[in-house]
Structure formats: C-alpha cells, structure tokens
file start.tsv (TSV, C-alpha atoms and all ligand atoms)
chain	number	residue	atom	x	y	z
A	168	MET	CA	79.45	-72.44	-7.56
A	169	LYS	CA	80.47	-73.26	-4.05
A	170	ASP	CA	78.05	-71.01	-2.23
A	171	LEU	CA	75.05	-68.71	-2.55
A	172	SER	CA	77.11	-65.52	-2.44
A	173	MET	CA	78.82	-66.61	-5.69
A	174	HIS	CA	75.45	-67.11	-7.33
A	175	ILE	CA	74.45	-63.63	-6.19
A	176	MET	CA	77.58	-62.12	-7.73
A	177	ASP	CA	76.87	-63.96	-10.96
A	178	ILE	CA	73.18	-63.08	-11.29
A	179	VAL	CA	73.80	-59.46	-10.30
A	180	GLN	CA	76.54	-59.22	-12.93
A	181	ASN	CA	73.85	-60.09	-15.51
A	182	SER	CA	71.72	-57.23	-14.17
A	183	ILE	CA	74.69	-54.88	-14.44
A	184	SER	CA	75.37	-56.04	-18.01
A	185	ALA	CA	71.68	-55.38	-18.74
A	186	ALA	CA	72.23	-51.73	-17.73
A	187	ALA	CA	70.11	-51.84	-14.57
A	188	ASN	CA	70.42	-48.89	-12.19
A	189	LEU	CA	68.26	-50.41	-9.47
A	190	ILE	CA	69.06	-53.87	-8.19
A	191	GLU	CA	67.32	-55.47	-5.28
A	192	ILE	CA	68.58	-58.59	-3.56
A	193	ARG	CA	66.20	-60.20	-1.10
A	194	ILE	CA	66.92	-63.11	1.17
A	195	ARG	CA	64.27	-64.63	3.38
A	196	ILE	CA	65.03	-67.46	5.75
A	197	ARG	CA	62.32	-69.37	7.60
A	198	LYS	CA	63.58	-72.37	9.50
A	199	GLU	CA	60.18	-73.78	10.40
A	200	LEU	CA	59.19	-73.75	6.72
A	201	ASP	CA	62.56	-75.22	5.67
A	202	LEU	CA	62.86	-72.24	3.34
A	203	TYR	CA	65.74	-70.14	2.06
A	204	GLN	CA	64.48	-67.72	-0.53
A	205	LEU	CA	66.79	-65.69	-2.74
A	206	ASP	CA	65.28	-63.13	-5.10
A	207	ILE	CA	67.22	-60.80	-7.37
A	208	LEU	CA	65.28	-58.06	-9.16
A	209	ASP	CA	66.53	-55.47	-11.58
A	210	ASN	CA	65.23	-52.71	-13.83
A	211	GLY	CA	67.59	-53.56	-16.67
A	212	LYS	CA	66.72	-54.00	-20.31
A	213	GLY	CA	64.93	-57.30	-19.76
A	214	MET	CA	64.43	-60.20	-22.14
A	215	ASP	CA	61.72	-61.15	-24.60
A	216	GLU	CA	59.88	-64.44	-24.36
A	217	GLU	CA	62.02	-66.25	-26.84
A	218	MET	CA	65.16	-65.38	-24.99
A	219	LEU	CA	63.61	-66.08	-21.64
A	220	SER	CA	62.70	-69.58	-22.73
A	221	LYS	CA	66.30	-70.21	-23.73
A	222	VAL	CA	67.98	-68.66	-20.76
A	223	THR	CA	67.58	-71.60	-18.40
A	224	ASP	CA	69.14	-73.78	-21.09
A	225	PRO	CA	72.85	-74.21	-20.34
A	226	PHE	CA	73.70	-74.08	-24.04
A	227	TYR	CA	72.35	-70.62	-24.55
A	228	THR	CA	74.03	-67.23	-24.21
A	229	THR	CA	74.03	-64.01	-26.23
A	230	ARG	CA	77.70	-63.64	-25.60
A	231	LYS	CA	80.03	-64.24	-28.46
A	232	THR	CA	82.98	-64.93	-26.23
A	233	ARG	CA	81.81	-68.32	-25.03
A	234	LYS	CA	79.26	-70.74	-26.39
A	235	VAL	CA	77.30	-71.44	-23.23
A	236	GLY	CA	75.62	-69.31	-20.60
A	237	LEU	CA	75.92	-70.98	-17.25
A	238	GLY	CA	74.92	-68.57	-14.52
A	239	ILE	CA	71.16	-69.02	-14.59
A	240	PRO	CA	71.10	-72.79	-15.29
A	241	LEU	CA	73.56	-73.37	-12.43
A	242	LEU	CA	71.43	-71.46	-9.94
A	243	LYS	CA	68.31	-73.29	-11.11
A	244	MET	CA	70.06	-76.62	-10.74
A	245	ASN	CA	71.36	-75.83	-7.27
A	246	ALA	CA	67.93	-74.68	-6.05
A	247	GLU	CA	66.06	-77.62	-7.52
A	248	ARG	CA	68.61	-80.08	-6.22
A	249	THR	CA	67.54	-79.25	-2.69
A	250	GLY	CA	63.89	-79.82	-3.58
A	251	GLY	CA	63.41	-76.09	-4.07
A	252	LYS	CA	62.07	-74.02	-6.95
A	253	PHE	CA	63.35	-71.61	-9.52
A	254	ARG	CA	61.63	-69.00	-11.64
A	255	ILE	CA	62.71	-66.18	-13.89
A	256	ASP	CA	60.40	-63.44	-15.15
A	257	SER	CA	61.34	-60.65	-17.47
A	258	THR	CA	59.75	-57.84	-19.44
A	259	PRO	CA	61.69	-56.01	-22.12
A	260	GLY	CA	62.28	-52.43	-21.07
A	261	ILE	CA	61.06	-53.08	-17.52
A	262	GLY	CA	63.39	-55.55	-15.91
A	263	THR	CA	64.04	-59.06	-14.73
A	264	SER	CA	63.41	-61.03	-11.58
A	265	VAL	CA	65.25	-64.19	-10.70
A	266	LEU	CA	63.45	-66.03	-7.91
A	267	SER	CA	64.88	-69.09	-6.22
A	268	GLU	CA	63.85	-71.19	-3.27
A	269	PHE	CA	66.08	-73.63	-1.49
A	270	ARG	CA	65.30	-76.25	1.14
A	271	PRO	CA	68.06	-75.61	3.65
A	272	GLU	CA	67.63	-78.95	5.45
A	273	HIS	CA	68.55	-80.83	2.28
A	274	PRO	CA	72.12	-82.25	2.25
A	275	ASP	CA	72.83	-80.51	-1.10
A	276	MET	CA	72.03	-77.07	0.30
A	277	LEU	CA	74.84	-74.65	-0.46
A	278	PRO	CA	76.40	-72.60	2.32
A	279	GLU	CA	75.61	-68.91	2.31
A	280	GLY	CA	79.23	-67.87	1.77
A	281	ASP	CA	80.59	-64.36	2.05
A	282	LEU	CA	77.42	-62.31	1.72
A	283	GLU	CA	78.79	-59.08	3.16
A	284	GLY	CA	81.93	-59.23	1.01
A	285	THR	CA	79.92	-59.85	-2.14
A	286	ILE	CA	77.30	-57.16	-1.56
A	287	VAL	CA	79.79	-54.51	-0.48
A	288	LEU	CA	82.10	-55.24	-3.41
A	289	LEU	CA	79.16	-54.81	-5.80
A	290	CYS	CA	78.21	-51.49	-4.18
A	291	HIS	CA	81.82	-50.33	-4.17
A	292	SER	CA	82.47	-51.03	-7.83
A	293	ASN	CA	79.10	-49.85	-9.16
A	294	PRO	CA	78.54	-46.54	-7.38
A	295	GLU	CA	75.97	-45.37	-9.94
A	296	ILE	CA	73.67	-48.32	-9.23
A	297	HIS	CA	71.12	-48.21	-6.42
A	298	PHE	CA	71.41	-51.48	-4.51
A	299	ILE	CA	68.91	-52.62	-1.94
A	300	PHE	CA	69.85	-55.70	0.03
A	301	ASN	CA	67.11	-56.98	2.26
A	302	TYR	CA	67.92	-59.80	4.65
A	303	GLN	CA	65.10	-61.45	6.57
A	304	PHE	CA	65.87	-64.07	9.14
A	305	GLU	CA	62.74	-65.41	10.84
A	306	GLU	CA	61.09	-62.35	12.37
A	307	ASN	CA	64.14	-60.10	12.06
A	308	SER	CA	65.16	-58.13	9.07
A	309	TYR	CA	67.88	-55.77	7.96
A	310	CYS	CA	68.01	-53.53	4.93
A	311	PHE	CA	71.24	-52.29	3.38
A	312	ASP	CA	70.32	-49.52	0.96
A	313	THR	CA	73.02	-47.65	-0.96
A	314	GLU	CA	70.89	-44.48	-1.17
A	315	GLU	CA	70.81	-44.31	2.63
A	316	ILE	CA	74.51	-45.03	2.80
A	317	LYS	CA	75.33	-42.36	0.24
A	318	GLU	CA	73.25	-39.90	2.22
A	319	ALA	CA	75.10	-40.80	5.42
A	320	LEU	CA	78.48	-40.51	3.72
A	321	GLY	CA	77.73	-37.07	2.29
A	322	GLU	CA	80.58	-35.81	0.14
A	323	ILE	CA	82.54	-39.03	0.52
A	324	GLY	CA	81.85	-41.34	-2.41
A	325	ILE	CA	80.53	-44.83	-1.77
A	326	SER	CA	83.37	-46.17	-3.92
A	327	GLU	CA	86.08	-44.48	-1.87
A	328	PRO	CA	88.42	-47.41	-1.05
A	329	MET	CA	88.77	-46.27	2.57
A	330	VAL	CA	85.02	-46.68	3.01
A	331	TYR	CA	85.02	-50.22	1.62
A	332	PRO	CA	86.12	-52.07	4.80
A	333	MET	CA	83.75	-49.88	6.83
A	334	LEU	CA	80.73	-50.89	4.79
A	335	LYS	CA	81.77	-54.50	5.10
A	336	GLU	CA	81.92	-54.17	8.87
A	337	LEU	CA	78.55	-52.39	8.91
A	338	LEU	CA	76.86	-55.13	6.91
A	339	LYS	CA	78.62	-57.97	8.71
A	340	SER	CA	77.67	-56.82	12.18
A	341	ASN	CA	74.08	-56.20	11.15
A	342	LEU	CA	73.74	-59.59	9.50
A	343	GLU	CA	75.08	-61.22	12.66
A	344	GLU	CA	72.59	-59.26	14.70
A	345	THR	CA	69.72	-60.25	12.39
A	346	ARG	CA	70.61	-63.94	12.63
A	347	LYS	CA	70.44	-63.91	16.44
B	153	MET	CA	98.69	-31.21	18.25
B	154	LYS	CA	95.96	-30.28	20.67
B	155	PRO	CA	95.04	-33.09	23.04
B	156	GLU	CA	91.46	-33.35	21.77
B	157	GLU	CA	92.61	-33.84	18.19
B	158	THR	CA	92.57	-37.43	17.06
B	159	ASP	CA	95.72	-39.00	15.77
B	160	LYS	CA	95.44	-38.71	12.01
B	161	THR	CA	97.66	-41.66	11.26
B	162	LYS	CA	95.79	-44.05	13.51
B	163	PRO	CA	93.71	-46.56	11.56
B	164	ILE	CA	89.95	-46.13	11.83
B	165	GLU	CA	88.40	-48.48	14.38
B	166	MET	CA	86.22	-50.80	12.30
B	167	ALA	CA	84.52	-52.52	15.19
B	168	THR	CA	82.59	-49.34	15.96
B	169	ILE	CA	80.75	-49.16	12.62
B	170	LYS	CA	77.39	-50.72	13.23
B	171	SER	CA	74.89	-48.19	12.00
B	172	LEU	CA	74.43	-45.33	9.55
B	173	ASP	CA	74.94	-42.99	12.50
B	174	ASP	CA	78.33	-44.55	13.16
B	175	LEU	CA	79.18	-43.88	9.51
B	176	ARG	CA	78.13	-40.25	9.90
B	177	LYS	CA	80.26	-39.92	13.03
B	178	ILE	CA	83.33	-41.29	11.33
B	179	LYS	CA	82.95	-39.07	8.26
B	180	SER	CA	85.18	-36.23	9.37
B	181	GLU	CA	87.90	-38.68	10.35
B	182	VAL	CA	87.76	-40.19	6.87
B	183	GLN	CA	87.81	-36.78	5.26
B	184	THR	CA	90.86	-35.73	7.25
B	185	LYS	CA	92.69	-38.85	6.17
B	186	LEU	CA	91.67	-38.34	2.55
B	187	SER	CA	92.82	-34.73	2.55
B	188	LEU	CA	96.23	-35.79	3.82
B	189	ARG	CA	96.74	-37.87	0.74
B	190	GLU	CA	98.16	-36.21	-2.24
B	191	ARG	CA	96.12	-38.06	-4.72
B	192	SER	CA	94.83	-36.76	-7.94
B	193	ASN	CA	91.13	-36.61	-8.55
B	194	HIS	CA	91.48	-36.83	-12.29
B	195	PRO	CA	90.04	-40.14	-13.44
B	196	GLU	CA	92.43	-40.27	-16.40
B	197	GLN	CA	95.33	-40.37	-13.96
B	198	LEU	CA	94.02	-43.35	-12.03
B	199	VAL	CA	95.13	-46.91	-12.52
B	200	GLN	CA	92.11	-48.77	-13.84
B	201	ILE	CA	91.54	-52.38	-12.99
B	202	ARG	CA	88.73	-54.48	-14.35
B	203	VAL	CA	88.07	-57.89	-12.90
B	204	ALA	CA	86.22	-60.41	-15.09
B	205	MET	CA	83.23	-61.36	-12.97
B	206	ALA	CA	81.22	-63.79	-15.07
B	207	THR	CA	80.37	-67.33	-14.01
B	208	CYS	CA	83.77	-68.82	-14.77
B	209	GLY	CA	85.65	-65.96	-13.09
B	210	ILE	CA	83.51	-66.08	-9.96
B	211	ALA	CA	83.84	-69.84	-9.67
B	212	SER	CA	87.61	-69.57	-9.82
B	213	GLY	CA	88.01	-66.89	-7.16
B	214	ALA	CA	87.65	-63.51	-8.89
B	215	LYS	CA	85.91	-61.99	-5.88
B	216	THR	CA	88.85	-62.75	-3.58
B	217	VAL	CA	91.21	-61.13	-6.08
B	218	MET	CA	89.00	-58.08	-6.43
B	219	ASP	CA	88.65	-57.68	-2.66
B	220	TYR	CA	92.44	-57.97	-2.32
B	221	MET	CA	93.00	-55.35	-5.03
B	222	VAL	CA	90.63	-52.81	-3.47
B	223	ASN	CA	92.17	-53.22	-0.02
B	224	GLU	CA	95.81	-53.43	-1.03
B	225	LEU	CA	95.84	-50.56	-3.52
B	226	ASP	CA	94.36	-48.35	-0.81
B	227	LYS	CA	96.85	-49.55	1.81
B	228	ARG	CA	99.74	-48.98	-0.58
B	229	ASN	CA	98.37	-45.56	-1.42
B	230	ILE	CA	97.92	-46.15	-5.13
B	231	ALA	CA	95.10	-44.17	-6.70
B	232	ALA	CA	93.05	-46.71	-8.59
B	233	VAL	CA	89.56	-47.66	-9.62
B	234	VAL	CA	88.70	-51.32	-9.40
B	235	THR	CA	85.58	-52.35	-11.26
B	236	GLN	CA	84.03	-55.57	-12.41
B	237	THR	CA	83.07	-56.58	-15.87
B	238	GLY	CA	81.37	-59.52	-17.50
B	239	CYS	CA	83.21	-62.24	-19.36
B	240	MET	CA	86.33	-61.01	-21.13
B	241	GLY	CA	86.56	-64.24	-23.07
B	242	TYR	CA	89.46	-65.90	-21.29
B	243	CYS	CA	87.53	-68.51	-19.33
B	244	TYR	CA	90.48	-70.90	-19.52
B	245	ALA	CA	92.66	-68.43	-17.60
B	246	GLU	CA	90.31	-67.19	-14.87
B	247	PRO	CA	90.53	-65.23	-12.73
B	248	THR	CA	91.57	-62.59	-15.24
B	249	ILE	CA	92.06	-58.89	-14.69
B	250	GLU	CA	92.71	-56.02	-17.05
B	251	VAL	CA	95.11	-53.35	-15.81
B	252	THR	CA	95.37	-49.95	-17.45
B	253	ILE	CA	98.13	-47.66	-16.28
B	254	PRO	CA	97.51	-44.04	-17.38
B	255	GLY	CA	99.06	-43.48	-20.79
B	256	LYS	CA	99.64	-47.15	-21.48
B	257	ASP	CA	97.71	-49.83	-23.33
B	258	PRO	CA	95.58	-52.15	-21.21
B	259	LEU	CA	97.16	-55.46	-20.23
B	260	VAL	CA	95.22	-58.59	-19.35
B	261	PHE	CA	96.63	-60.94	-16.75
B	262	GLY	CA	95.41	-64.51	-16.33
B	263	TYR	CA	95.38	-67.03	-13.48
B	264	VAL	CA	95.47	-64.22	-10.95
B	265	ASP	CA	95.44	-65.17	-7.28
B	266	THR	CA	96.34	-62.90	-4.37
B	267	LYS	CA	100.04	-63.72	-4.78
B	268	LYS	CA	99.99	-62.80	-8.45
B	269	ALA	CA	97.91	-59.72	-7.62
B	270	ASP	CA	100.61	-58.64	-5.18
B	271	GLN	CA	103.26	-58.99	-7.92
B	272	ILE	CA	101.12	-57.05	-10.37
B	273	ILE	CA	100.85	-54.20	-7.88
B	274	GLU	CA	104.49	-54.19	-6.81
B	275	LYS	CA	106.14	-54.83	-10.18
B	276	TYR	CA	103.83	-53.72	-12.93
B	277	ILE	CA	101.74	-50.96	-11.37
B	278	LYS	CA	104.47	-49.44	-9.21
B	279	ASN	CA	107.48	-49.95	-11.47
B	280	GLY	CA	106.17	-50.70	-14.95
B	281	GLU	CA	108.01	-54.04	-14.99
B	282	LEU	CA	106.32	-56.92	-16.75
B	283	VAL	CA	105.20	-59.95	-14.81
B	284	GLU	CA	104.29	-63.41	-15.99
B	285	GLY	CA	100.80	-64.30	-17.06
B	286	ILE	CA	100.03	-61.62	-19.62
B	287	ILE	CA	97.39	-62.71	-22.10
B	288	PRO	CA	97.64	-61.41	-25.66
B	289	VAL	CA	94.62	-59.18	-26.02
B	290	ASN	CA	91.86	-59.78	-28.49
B	291	TYR	CA	90.06	-56.46	-28.38
B	292	GLU	CA	86.94	-57.81	-30.01
B	293	SER	CA	86.24	-60.11	-27.12
B	294	ILE	CA	86.86	-57.41	-24.53
B	295	GLU	CA	84.17	-55.25	-26.05
B	296	GLY	CA	81.90	-58.28	-26.38
B	297	LYS	CA	80.09	-57.80	-23.09
C	1	LIG	N1	68.96	-59.72	-15.60
C	1	LIG	C1	69.04	-59.86	-16.94
C	1	LIG	N2	68.58	-58.90	-17.78
C	1	LIG	C2	68.67	-59.03	-19.13
C	1	LIG	N3	69.22	-60.11	-19.73
C	1	LIG	C3	69.70	-61.10	-18.96
C	1	LIG	C4	69.63	-61.04	-17.54
C	1	LIG	N4	70.17	-62.18	-17.03
C	1	LIG	C5	70.58	-62.89	-18.10
C	1	LIG	N5	70.30	-62.27	-19.26
C	1	LIG	C6	70.60	-62.75	-20.61
C	1	LIG	O1	70.71	-64.17	-20.58
C	1	LIG	C7	71.99	-64.60	-21.02
C	1	LIG	C8	72.43	-65.83	-20.25
C	1	LIG	O2	72.71	-65.54	-18.89
C	1	LIG	P1	73.56	-66.53	-17.99
C	1	LIG	O3	72.89	-67.87	-17.97
C	1	LIG	O4	73.82	-65.94	-16.68
C	1	LIG	O5	74.89	-66.72	-18.80
C	1	LIG	P2	76.08	-65.71	-19.07
C	1	LIG	O6	75.84	-64.47	-18.29
C	1	LIG	O7	77.25	-66.48	-18.60
C	1	LIG	O8	76.01	-65.52	-20.55
C	1	LIG	C9	72.89	-63.39	-20.82
C	1	LIG	O9	73.98	-63.43	-21.69
C	1	LIG	C10	71.93	-62.23	-21.08
C	1	LIG	O10	71.85	-61.96	-22.45
call {"tool": "encode", "arguments": {"input": "start.tsv", "output": "structure tokens"}}
result
Amino acid sequence: MKDLSMHIMDIVQNSISAAANLIEIRIRIRKELDLYQLDILDNGKGMDEEMLSKVTDPFYTTRKTRKVGLGIPLLKMNAERTGGKFRIDSTPGIGTSVLSEFRPEHPDMLPEGDLEGTIVLLCHSNPEIHFIFNYQFEENSYCFDTEEIKEALGEIGISEPMVYPMLKELLKSNLEETRK
Amino acid sequence: MKPEETDKTKPIEMATIKSLDDLRKIKSEVQTKLSLRERSNHPEQLVQIRVAMATCGIASGAKTVMDYMVNELDKRNIAAVVTQTGCMGYCYAEPTIEVTIPGKDPLVFGYVDTKKADQIIEKYIKNGELVEGIIPVNYESIEGK
C-alpha cells in the first residue's frame, strides 16, 4: 500500500463485507506528539477470539478465493515500521475496531494519499451505510457525516453520480481548511 | 428563458461547495439537471459495475478506475450503478471489474486502467462489442465474498 488512504479503503471494505451499517473513520494528527492516529470502527458481525488472534497473521483469511489475508497485517506492519502501534478489538455481534498509530516524523511514514477521493467513493457506492469521517488536525476538526449530507440533499440520493464530484469538493475544501 | 433563470446546461460550479448549506443551495440546480435527463429509474435497466476492492485490487489502482467510471458514465449520460466488492478471486489480473448490461450475463474484465475503462464504456457498454481482457468467469469465486 502506497498511502494511508489505500489502507482506509482496504480496512473499510472488510467492515462492509462484515455487513456493518455504521462505519466511523477517525484521524487525529498531533505534530508536537509526533502522532498520526487512524481508527476505523464498525458495527459489523465482528470476530471471535480465535479468529481475532489469527487475523494479524498474513497467512490467515476466511476467504476461499485466496490463501492469505493481507489487509490487516499490512496496516500493522506499516504502523509499527514507523515506531507506532497497532491494535484490533472485536466482539461478535457488536463490531470491530482497528486502531493504528503512526509516528509521522519517521522516514517510513506513508503519505496520506487521496483521503477525500477514498471517503467520498465509499459513501457514493454504499449509500445504505452511515459513514462518519472525523478529521482532527491539532486543535481543528472536521466531521463528514453521511446522515447530515443525506439530510441536506433531501430527495437527491447520496449515490447520485452528479453529487459525487460535489461531495469530493466539499470534503477537500474542508480538509484543507482544517489543516491550516 | 427569463433572465433570472440559470442556464440549465451550464456545469455546476464546484468551487462554491464548501458547506452543507452550499449543498442545500445547489439542490434545485441538481434536480433541474436530473429532470432533464431521460433516464430510467428502474434498477434492472441500469448498467451494473462492480469493482473488486480488496487488498490486491486497491494496491493496483482499483480506486482510480472506480472514480473514473463514476465520473465518466455520468458525463457520457449512461445510467449505471458503480459499486465495490471484496476480492473476486482474480488477484493476478487486478484491477478487475464486473460489468452487467441489463439482460446480459455479467462479464469480468482484468487489468483495467482508465484507458481500458474508456474502451469498456465506448465499445462494450455503448455498443455491445467485446473488448480484450475478458476473464472467464468462475461463479463460485464471485459469490465467495
Ligand atoms: N471489520 C471486520 N469485521 C469482521 N471480520 C473482519 C473484519 N476485518 C477483517 N475480518 C476478517 O478477517 C479476515 C482477514 O482480513 P484481512 O487481513 O483484511 O484480509 P482479507 O480481507 O484480504 O481476507 C477477513 O477475511 C474477515 O473474515
């Protein structure tokens, strides 16, 4: 994975496959603490302990189409490589949280990548899922919440293709503002 | 056209969308544009596209392809739903997409980049012509995840 936005796409795809209808993506950046925190939480079907213990192992997946699951081990590796931390918690029937911490000053830190494109594509193609994207940069924060967006759009569906570039612009300009 | 009416063919000004209020303001403009389109609302008449968005697909550029598809199908006025799916089992050929034209069997295309995506839209979706890169479908693996 070349950047963090790709990891987000990957981990959120797991949440979607686990039938979540609420997915929260939280990013918290604190320069003075040398901290970039990325948390992804879902209310999907969750995993039991046995599975959870295997899931950070790159040779484990429940899929029959390929022998290895890579998404979680890759994120763990990329976080730990910067001197950061990784944790995954899950409760069957309740949901899963994937918590990662990066040290952005480390030379192996991944770039953020196309956050707005990734988030908006997820919201566009999964209109039935409630997404909350919370971006905290130092003291500033911005929250992109699909329930609020749906309310603002009224009769127009969130997955209407014409709305797609608009949501991207909305998120992009607000992320830029938050990073100031 | 009355002078106060906005030009319906003019593209919507993206730079002005910075808040939920801006979205609310632009709503009627979007609705006018949508109503001008003679598109069917019946899901079974839409072209369905599924982009494989598991680790291997993402790493090889599936998001770029999906973004291109959503934008281009809209620009070319083709009624379609573009969704993402987990691994379809063709990791060797990522990015892969599955295209279902109403009334036809799904086709899976491999090694899709924006150039190939353009051909798929112009040749296969618009004209029903086959393009290179079709993967023989193993239905079991498609239902796998
Ligand atoms: N959010 C989640 N909820 C429930 N199960 C999950 C979740 N994330 C991962 N899993 C399970 O762990 C497995 C391994 O995930 P991952 O390492 O991302 O590999 P892959 O998705 O490529 O199989 C998945 O196949 C799935 O069964």
call {"tool": "residues_near_ligand", "arguments": {"input": "start.tsv", "ligand": "ligand LIG 1 (chain C)", "cutoff": "8 Å", "atoms": "all atoms listed in the file", "output": "VMD selection string"}}
result
(chain A and resid 177 to 185 187 208 to 209 211 to 214 218 to 219 222 to 225 227 to 230 233 235 to 241 257 262 to 265) or (chain B and resid 206 to 208 238 to 239)
call {"tool": "atom_distance", "arguments": {"input": "start.tsv", "atom1": "CA of Asn210 in chain A", "atom2": "CA of Met205 in chain B"}}
result
20.0 Å
call {"tool": "interface_residues", "arguments": {"input": "start.tsv", "of": "chain A", "to": "chain B", "cutoff": "9 Å", "atoms": "all atoms listed in the file", "output": "PDB file with C-alpha atoms, in the coordinates of the input"}}
result
ATOM      1  CA  MET A 168      79.450 -72.440  -7.560  1.00  0.00           C
ATOM      2  CA  LYS A 169      80.470 -73.260  -4.050  1.00  0.00           C
ATOM      3  CA  MET A 173      78.820 -66.610  -5.690  1.00  0.00           C
ATOM      4  CA  HIS A 174      75.450 -67.110  -7.330  1.00  0.00           C
ATOM      5  CA  MET A 176      77.580 -62.120  -7.730  1.00  0.00           C
ATOM      6  CA  ASP A 177      76.870 -63.960 -10.960  1.00  0.00           C
ATOM      7  CA  ILE A 178      73.180 -63.080 -11.290  1.00  0.00           C
ATOM      8  CA  GLN A 180      76.540 -59.220 -12.930  1.00  0.00           C
ATOM      9  CA  ASN A 181      73.850 -60.090 -15.510  1.00  0.00           C
ATOM     10  CA  ILE A 183      74.690 -54.880 -14.440  1.00  0.00           C
ATOM     11  CA  SER A 184      75.370 -56.040 -18.010  1.00  0.00           C
ATOM     12  CA  ARG A 230      77.700 -63.640 -25.600  1.00  0.00           C
ATOM     13  CA  LYS A 231      80.030 -64.240 -28.460  1.00  0.00           C
ATOM     14  CA  THR A 232      82.980 -64.930 -26.230  1.00  0.00           C
ATOM     15  CA  ARG A 233      81.810 -68.320 -25.030  1.00  0.00           C
ATOM     16  CA  GLY A 236      75.620 -69.310 -20.600  1.00  0.00           C
ATOM     17  CA  LEU A 237      75.920 -70.980 -17.250  1.00  0.00           C
ATOM     18  CA  GLY A 238      74.920 -68.570 -14.520  1.00  0.00           C
ATOM     19  CA  GLY A 284      81.930 -59.230   1.010  1.00  0.00           C
ATOM     20  CA  THR A 285      79.920 -59.850  -2.140  1.00  0.00           C
ATOM     21  CA  LEU A 288      82.100 -55.240  -3.410  1.00  0.00           C
ATOM     22  CA  LEU A 289      79.160 -54.810  -5.800  1.00  0.00           C
ATOM     23  CA  HIS A 291      81.820 -50.330  -4.170  1.00  0.00           C
ATOM     24  CA  SER A 292      82.470 -51.030  -7.830  1.00  0.00           C
ATOM     25  CA  ASN A 293      79.100 -49.850  -9.160  1.00  0.00           C
ATOM     26  CA  GLU A 315      70.810 -44.310   2.630  1.00  0.00           C
ATOM     27  CA  ILE A 316      74.510 -45.030   2.800  1.00  0.00           C
ATOM     28  CA  ALA A 319      75.100 -40.800   5.420  1.00  0.00           C
ATOM     29  CA  LEU A 320      78.480 -40.510   3.720  1.00  0.00           C
ATOM     30  CA  GLY A 321      77.730 -37.070   2.290  1.00  0.00           C
ATOM     31  CA  GLU A 322      80.580 -35.810   0.140  1.00  0.00           C
ATOM     32  CA  ILE A 323      82.540 -39.030   0.520  1.00  0.00           C
ATOM     33  CA  SER A 326      83.370 -46.170  -3.920  1.00  0.00           C
ATOM     34  CA  PRO A 328      88.420 -47.410  -1.050  1.00  0.00           C
ATOM     35  CA  MET A 329      88.770 -46.270   2.570  1.00  0.00           C
ATOM     36  CA  VAL A 330      85.020 -46.680   3.010  1.00  0.00           C
ATOM     37  CA  TYR A 331      85.020 -50.220   1.620  1.00  0.00           C
ATOM     38  CA  PRO A 332      86.120 -52.070   4.800  1.00  0.00           C
ATOM     39  CA  MET A 333      83.750 -49.880   6.830  1.00  0.00           C
ATOM     40  CA  LEU A 334      80.730 -50.890   4.790  1.00  0.00           C
ATOM     41  CA  GLU A 336      81.920 -54.170   8.870  1.00  0.00           C
ATOM     42  CA  LEU A 337      78.550 -52.390   8.910  1.00  0.00           C
ATOM     43  CA  LEU A 338      76.860 -55.130   6.910  1.00  0.00           C
ATOM     44  CA  LYS A 339      78.620 -57.970   8.710  1.00  0.00           C
ATOM     45  CA  SER A 340      77.670 -56.820  12.180  1.00  0.00           C
ATOM     46  CA  ASN A 341      74.080 -56.200  11.150  1.00  0.00           C
TER      47      ASN A 341
END
call {"tool": "atom_distance", "arguments": {"input": "start.tsv", "atom1": "CA of Arg195 in chain A", "atom2": "CA of Glu306 in chain A"}}
result
9.8 Å
call {"tool": "residues_around", "arguments": {"input": "start.tsv", "residues": "Glu274 in chain B", "least_positions_apart": "3", "cutoff": "12 Å", "atoms": "all atoms listed in the file", "output": "JSON, numbers by chain"}}
result
{"B": [221, 224, 225, 228, 229, 230, 267, 268, 269, 270, 271, 277, 278, 279, 280, 281, 282, 283]}
